[in-house]
$ cat my_file.cif   # mmCIF, C-alpha atoms
data_work
loop_
_atom_site.label_atom_id
_atom_site.label_comp_id
_atom_site.auth_asym_id
_atom_site.auth_seq_id
_atom_site.Cartn_x
_atom_site.Cartn_y
_atom_site.Cartn_z
CA MET G 1 11.11 10.50 2.65
CA ALA G 2 11.62 9.69 6.29
CA ARG G 3 12.04 6.09 7.30
CA HIS G 4 9.55 4.39 9.55
CA LYS G 5 10.78 3.36 12.94
CA GLY G 6 11.13 -0.40 13.42
CA LYS G 7 8.14 -2.28 14.80
CA GLY G 8 8.46 -5.60 16.63
CA TRP G 9 5.68 -7.31 14.71
CA HIS G 10 7.70 -7.10 11.51
CA GLY G 11 10.29 -9.40 13.05
CA LYS G 12 7.60 -12.02 13.38
CA VAL G 13 6.52 -11.40 9.80
CA PHE G 14 10.11 -11.86 8.66
CA ALA G 15 10.44 -15.14 10.51
CA ALA G 16 7.28 -16.39 8.85
CA ALA G 17 8.55 -15.26 5.46
CA LEU G 18 11.83 -17.18 5.56
CA GLY G 19 10.13 -20.31 4.30
CA VAL G 20 8.78 -18.64 1.18
CA THR G 21 10.40 -19.65 -2.09
CA GLY G 22 11.37 -16.69 -4.26
CA ALA G 23 11.77 -18.79 -7.38
CA ALA G 24 8.05 -19.48 -7.52
CA ALA G 25 7.35 -15.80 -8.01
CA VAL G 26 9.72 -15.51 -10.92
CA ALA G 27 8.36 -18.59 -12.67
CA SER G 28 4.67 -17.77 -12.35
CA MET G 29 2.46 -15.91 -14.80
CA TRP G 30 -0.40 -13.95 -13.29
CA THR G 31 -3.58 -12.41 -14.53
CA ALA G 32 -2.84 -8.79 -15.44
CA GLN G 33 -4.99 -6.11 -13.86
CA ALA G 34 -6.64 -3.53 -16.07
CA ASP G 35 -5.24 -0.03 -15.59
CA THR G 36 -8.51 1.57 -14.52
CA SER G 37 -9.56 3.53 -11.46
CA VAL G 38 -11.44 0.48 -10.14
CA GLN G 39 -9.93 -3.00 -9.85
CA ARG G 40 -11.99 -5.90 -11.23
CA GLN G 41 -11.85 -9.56 -10.47
CA PRO G 42 -10.27 -11.20 -13.54
CA GLN G 43 -12.12 -13.73 -15.66
CA ALA G 44 -10.64 -17.15 -16.05
CA HIS G 45 -8.42 -17.53 -19.12
CA ALA G 46 -6.30 -20.32 -20.45
CA SER G 47 -3.25 -18.05 -20.34
CA ALA G 48 -2.76 -14.67 -18.72
CA PRO G 49 -1.55 -11.70 -20.78
CA ALA G 50 1.99 -10.52 -20.25
CA VAL G 51 2.73 -7.99 -17.53
CA ARG G 52 3.11 -4.45 -18.87
CA PRO G 53 6.12 -2.56 -17.48
CA VAL G 54 5.55 0.92 -16.03
CA ALA G 55 7.77 3.91 -15.32
CA VAL G 56 10.54 3.44 -12.74
CA GLY G 57 10.25 6.90 -11.17
CA ILE G 58 8.77 7.19 -7.67
CA VAL G 59 5.28 8.55 -8.12
CA HIS G 60 3.40 10.98 -5.87
CA ALA G 61 0.95 12.66 -8.23
CA SER G 62 -2.76 11.92 -8.21
CA ASP G 63 -4.80 10.92 -11.24
CA GLN G 64 -7.34 13.52 -10.04
CA GLY G 65 -4.99 16.39 -10.84
CA PRO G 66 -3.86 19.33 -8.67
CA LYS G 67 -6.74 18.99 -6.21
CA GLY G 68 -6.49 15.23 -6.00
CA VAL G 69 -5.59 13.27 -2.87
CA ASN G 70 -4.23 9.72 -2.73
CA ILE G 71 -5.08 7.94 0.51
CA THR G 72 -2.62 5.09 1.08
CA ILE G 73 -2.92 2.47 3.82
CA ASP G 74 0.14 0.43 4.81
CA ASP G 75 1.19 -2.80 6.52
CA GLY G 76 -2.06 -4.78 6.48
CA PRO G 77 -4.37 -6.39 6.05
CA ASP G 78 -5.28 -6.77 9.71
CA PRO G 79 -8.44 -8.55 10.94
CA THR G 80 -9.23 -5.85 13.50
CA TRP G 81 -8.39 -2.61 11.74
CA THR G 82 -8.72 -3.20 8.00
CA PRO G 83 -12.50 -3.77 8.18
CA LYS G 84 -12.89 -0.54 10.16
CA VAL G 85 -10.84 1.39 7.61
CA LEU G 86 -12.83 -0.13 4.76
CA GLU G 87 -16.09 0.87 6.43
CA LEU G 88 -14.96 4.49 6.80
CA LEU G 89 -13.74 4.68 3.22
CA LYS G 90 -17.06 3.32 1.98
CA GLU G 91 -19.05 5.77 4.11
CA ASN G 92 -17.12 8.65 2.57
CA GLY G 93 -17.07 7.33 -0.99
CA VAL G 94 -13.27 7.19 -0.99
CA LYS G 95 -11.04 4.80 -2.92
CA ALA G 96 -7.59 4.13 -1.49
CA THR G 97 -4.40 2.23 -2.20
CA PHE G 98 -3.56 -0.57 0.24
CA CYS G 99 0.15 -1.34 0.52
CA MET G 100 0.13 -4.89 1.84
CA VAL G 101 2.80 -6.99 3.49
CA GLY G 102 2.88 -10.30 1.66
CA THR G 103 2.64 -12.58 4.69
CA GLN G 104 -0.30 -10.56 6.02
CA ALA G 105 -2.08 -10.93 2.68
CA LYS G 106 -1.44 -14.67 2.73
CA ALA G 107 -2.80 -14.92 6.29
CA TYR G 108 -5.98 -12.94 5.55
CA PRO G 109 -6.99 -13.54 1.92
CA ASP G 110 -10.65 -12.69 2.60
CA LEU G 111 -9.60 -9.19 3.61
CA VAL G 112 -7.52 -8.80 0.46
CA LYS G 113 -10.54 -9.81 -1.59
CA ALA G 114 -12.72 -7.36 0.38
CA VAL G 115 -10.29 -4.53 -0.43
CA VAL G 116 -10.46 -5.38 -4.14
CA ALA G 117 -14.24 -5.83 -4.09
CA ASP G 118 -14.62 -2.29 -2.71
CA GLY G 119 -12.70 -0.87 -5.67
CA HIS G 120 -9.41 -0.10 -3.96
CA ARG G 121 -5.99 -0.76 -5.45
CA LEU G 122 -3.25 -3.06 -4.22
CA CYS G 123 0.39 -2.24 -3.58
CA ASP G 124 3.34 -4.55 -2.84
CA HIS G 125 4.97 -3.68 0.51
CA THR G 126 7.41 -6.65 0.61
CA ILE G 127 7.18 -9.76 2.78
CA SER G 128 9.03 -8.65 5.93
CA HIS G 129 8.86 -4.83 5.96
CA ASP G 130 12.64 -4.51 6.22
CA THR G 131 13.38 -0.78 6.31
CA ALA G 132 17.06 -1.52 5.69
CA MET G 133 16.50 -3.59 2.56
CA ASP G 134 18.24 -0.95 0.46
CA LYS G 135 21.45 -2.08 2.17
CA LYS G 136 20.86 -5.72 1.26
CA SER G 137 21.76 -7.73 -1.83
CA GLU G 138 19.79 -7.62 -5.06
CA ALA G 139 18.83 -11.26 -4.51
CA TYR G 140 17.33 -10.33 -1.14
CA GLN G 141 15.46 -7.37 -2.59
CA SER G 142 14.13 -9.55 -5.41
CA LYS G 143 12.81 -12.16 -2.98
CA GLU G 144 11.15 -9.51 -0.80
CA ILE G 145 9.35 -7.91 -3.74
CA LEU G 146 8.48 -10.92 -5.89
CA ASP G 147 7.36 -13.19 -3.05
CA ALA G 148 5.06 -10.43 -1.80
CA GLU G 149 3.72 -9.86 -5.30
CA ARG G 150 2.87 -13.55 -5.58
CA MET G 151 1.28 -13.74 -2.11
CA ILE G 152 -0.88 -10.67 -2.68
CA THR G 153 -1.95 -11.82 -6.13
CA GLU G 154 -2.88 -15.28 -4.91
CA ALA G 155 -4.72 -13.90 -1.87
CA SER G 156 -6.72 -11.50 -4.04
CA GLY G 157 -7.86 -14.23 -6.39
CA GLY G 158 -5.71 -13.01 -9.26
CA VAL G 159 -5.66 -9.21 -8.98
CA ARG G 160 -2.09 -8.00 -9.10
CA PRO G 161 -0.54 -5.11 -7.16
CA MET G 162 -0.30 -1.95 -9.24
CA TYR G 163 2.36 -0.27 -7.10
CA TYR G 164 5.45 -1.05 -5.04
CA ARG G 165 6.22 0.87 -1.85
CA ALA G 166 9.57 0.19 -0.21
CA PRO G 167 9.33 -0.07 3.59
CA GLY G 168 10.42 3.23 5.09
CA GLY G 169 11.20 4.51 1.60
CA ALA G 170 14.16 2.12 1.24
CA PHE G 171 14.11 2.18 -2.56
CA THR G 172 17.09 1.32 -4.71
CA PRO G 173 17.56 1.69 -8.46
CA TYR G 174 17.41 -2.10 -8.68
CA SER G 175 14.20 -2.48 -6.65
CA ARG G 176 12.49 0.28 -8.61
CA GLN G 177 13.47 -1.28 -11.93
CA LEU G 178 12.38 -4.75 -10.80
CA ALA G 179 9.01 -3.52 -9.56
CA ALA G 180 8.40 -1.44 -12.67
CA SER G 181 9.24 -4.42 -14.89
CA ARG G 182 6.46 -6.31 -13.08
CA GLY G 183 3.95 -3.51 -13.72
CA MET G 184 4.21 -2.03 -10.21
CA ARG G 185 4.89 1.71 -10.14
CA PRO G 186 7.21 2.73 -7.27
CA LEU G 187 5.06 4.69 -4.83
CA GLY G 188 6.20 7.40 -2.44
CA TRP G 189 4.32 9.72 -0.12
CA ASN G 190 4.10 13.43 0.67
CA VAL G 191 2.29 13.49 4.01
CA ASP G 192 3.55 11.09 6.67
CA THR G 193 0.94 11.14 9.43
CA LYS G 194 3.26 9.11 11.71
CA ASP G 195 0.17 7.37 13.01
CA PHE G 196 2.34 4.34 13.80
CA GLU G 197 3.89 6.39 16.63
CA HIS G 198 0.48 6.96 18.27
CA PRO G 199 0.86 10.76 18.45
CA GLY G 200 -2.85 11.29 19.14
CA VAL G 201 -5.81 11.88 16.86
CA GLU G 202 -5.49 15.67 16.98
CA THR G 203 -1.85 15.51 15.93
CA ILE G 204 -2.57 13.15 13.03
CA VAL G 205 -5.38 15.37 11.78
CA ALA G 206 -3.26 18.51 12.19
CA THR G 207 -0.43 16.92 10.21
CA VAL G 208 -2.71 16.23 7.26
CA LYS G 209 -4.21 19.72 7.35
CA SER G 210 -0.84 21.45 7.53
CA GLU G 211 1.04 19.29 5.01
CA ILE G 212 -1.50 18.38 2.33
CA ALA G 213 -0.38 21.41 0.33
CA ASP G 214 3.04 19.73 0.03
CA GLY G 215 1.64 16.94 -2.12
CA PRO G 216 -1.29 14.60 -2.62
CA THR G 217 -0.18 11.22 -1.28
CA VAL G 218 -1.03 10.65 2.39
CA LEU G 219 0.34 7.75 4.44
CA PHE G 220 -1.74 5.89 7.05
CA HIS G 221 -1.49 2.37 8.54
CA ASP G 222 -4.05 -0.35 9.19
CA ALA G 223 -1.74 -2.88 10.91
CA GLY G 224 1.33 -3.18 13.11
CA GLY G 225 -0.44 -2.33 16.36
CA ASP G 226 -3.44 -0.48 17.75
CA ARG G 227 -4.83 1.70 14.95
CA ALA G 228 -7.75 3.26 16.82
CA GLU G 229 -6.16 6.69 16.41
CA THR G 230 -5.83 6.14 12.67
CA VAL G 231 -9.50 5.21 12.35
CA ASP G 232 -10.62 8.22 14.37
CA ALA G 233 -8.32 10.52 12.42
CA LEU G 234 -9.65 9.27 9.09
CA ARG G 235 -13.17 9.92 10.36
CA GLU G 236 -12.24 13.60 10.66
CA VAL G 237 -9.80 13.98 7.79
CA LEU G 238 -11.85 12.53 4.93
CA PRO G 239 -14.83 14.93 5.27
CA TRP G 240 -12.46 17.85 5.85
CA LEU G 241 -10.58 17.16 2.63
CA LYS G 242 -13.87 17.10 0.73
CA GLU G 243 -14.86 20.41 2.30
CA GLN G 244 -11.59 21.90 1.04
CA GLY G 245 -12.45 20.91 -2.52
CA TYR G 246 -10.18 17.89 -2.80
CA SER G 247 -11.19 14.77 -4.70
CA PHE G 248 -9.88 11.30 -3.98
CA GLY G 249 -7.98 9.30 -6.57
CA PHE G 250 -5.11 6.95 -7.16
CA PRO G 251 -1.42 7.58 -7.77
CA VAL G 252 -0.72 7.97 -11.48
CA ARG G 253 0.80 5.02 -13.27
#
$ encode --input "my_file.cif" --output "structure tokens"
Amino acid sequence: MARHKGKGWHGKVFAAALGVTGAAAVASMWTAQADTSVQRQPQAHASAPAVRPVAVGIVHASDQGPKGVNITIDDGPDPTWTPKVLELLKENGVKATFCMVGTQAKAYPDLVKAVVADGHRLCDHTISHDTAMDKKSEAYQSKEILDAERMITEASGGVRPMYYRAPGGAFTPYSRQLAASRGMRPLGWNVDTKDFEHPGVETIVATVKSEIADGPTVLFHDAGGDRAETVDALREVLPWLKEQGYSFGFPVR
């Protein structure tokens, strides 16, 4: 999988993340999320059930089978673009997986809750979106993943991320094992729309149409800059996929 090019806003995210304490994530117990196609707000319990480990392999397949499509949305939530993406998904009856940066989730908890309330799934996308984290120490990788898991879970009101997506595909055997041990399936992608490069709506749409046969998991972004092209592309792509006989689902767990 190709790495994302660096984006300046992630440097600011990283600076904000330096004050986060990784130990808190290791020590905490969270409410486990049911493994269903729709996330539910957890009920209050005296003690949360233990996290169930999942497979460590990077997943691409859809739970809707050969004609399934997994729409994945990275880097948010963002107060401008996430609501627009949510509106489009709702209009088209599509559920998606939102790969959230931990500090963004902490900054906009109402948006995290809105994503969950609409039946979408959450994915851990670290706290600083470091695309070179596979070159860093295991302690650094652990902090990136576990701090983000805690931030997202707290922002959602107790719904845990079901997946882990390494920024730019910078997975390591250690990071995959750690995420899987926390119940977060490592998540890849098949179609990189490169919408973060602002190639134009027509190019984004053409990429999806030409590459969807390569695999079901499609990568978009709802943060990190102006995402008007992404919104307009989704407006075209979602109905087109339906017309081609695809159904929308989630990555298998």
$ closest_residue --input "my_file.cif" --among "G:Val237, G:Gly224, G:Pro251, G:Lys136" --to "G:Trp81" --atoms "only C-alpha atoms"
G:Gly224
$ atom_distance --input "my_file.cif" --atom1 "atom CA of G:Val205" --atom2 "atom CA of G:Glu236"
7.2 Å
$ atom_distance --input "my_file.cif" --atom1 "atom CA of G:Thr103" --atom2 "atom CA of G:Asp78"
11.0 Å
$ residues_around --input "my_file.cif" --residues "G:Leu234" --least-positions-apart "5" --cutoff "12 Å" --atoms "only C-alpha atoms" --output "MDAnalysis selection string"
chainID G and resid 71:73 84:92 94 96 193 195 201:202 204:206 208:209 218:222 227:229 239:241
$ resolve_selection --input "my_file.cif" --expression "the PyMOL selection byres ((chain G and resi 152) around 10)" --output "count of residues only"
33
$ residues_around --input "my_file.cif" --residues "G:Arg52" --least-positions-apart "5" --cutoff "9 Å" --atoms "only C-alpha atoms" --output "PyMOL selection string"
chain G and resi 32+180-183
$ resolve_selection --input "my_file.cif" --expression "the PyMOL selection byres ((chain G and resi 131) around 7)" --output "PyMOL selection string"
chain G and resi 129-130+132-133+167-168+170
$ closest_residue --input "my_file.cif" --among "G:Lys95, G:Arg253, G:Lys135, G:Ala107" --to "G:Gly119" --atoms "all atoms listed in the file"
G:Lys95
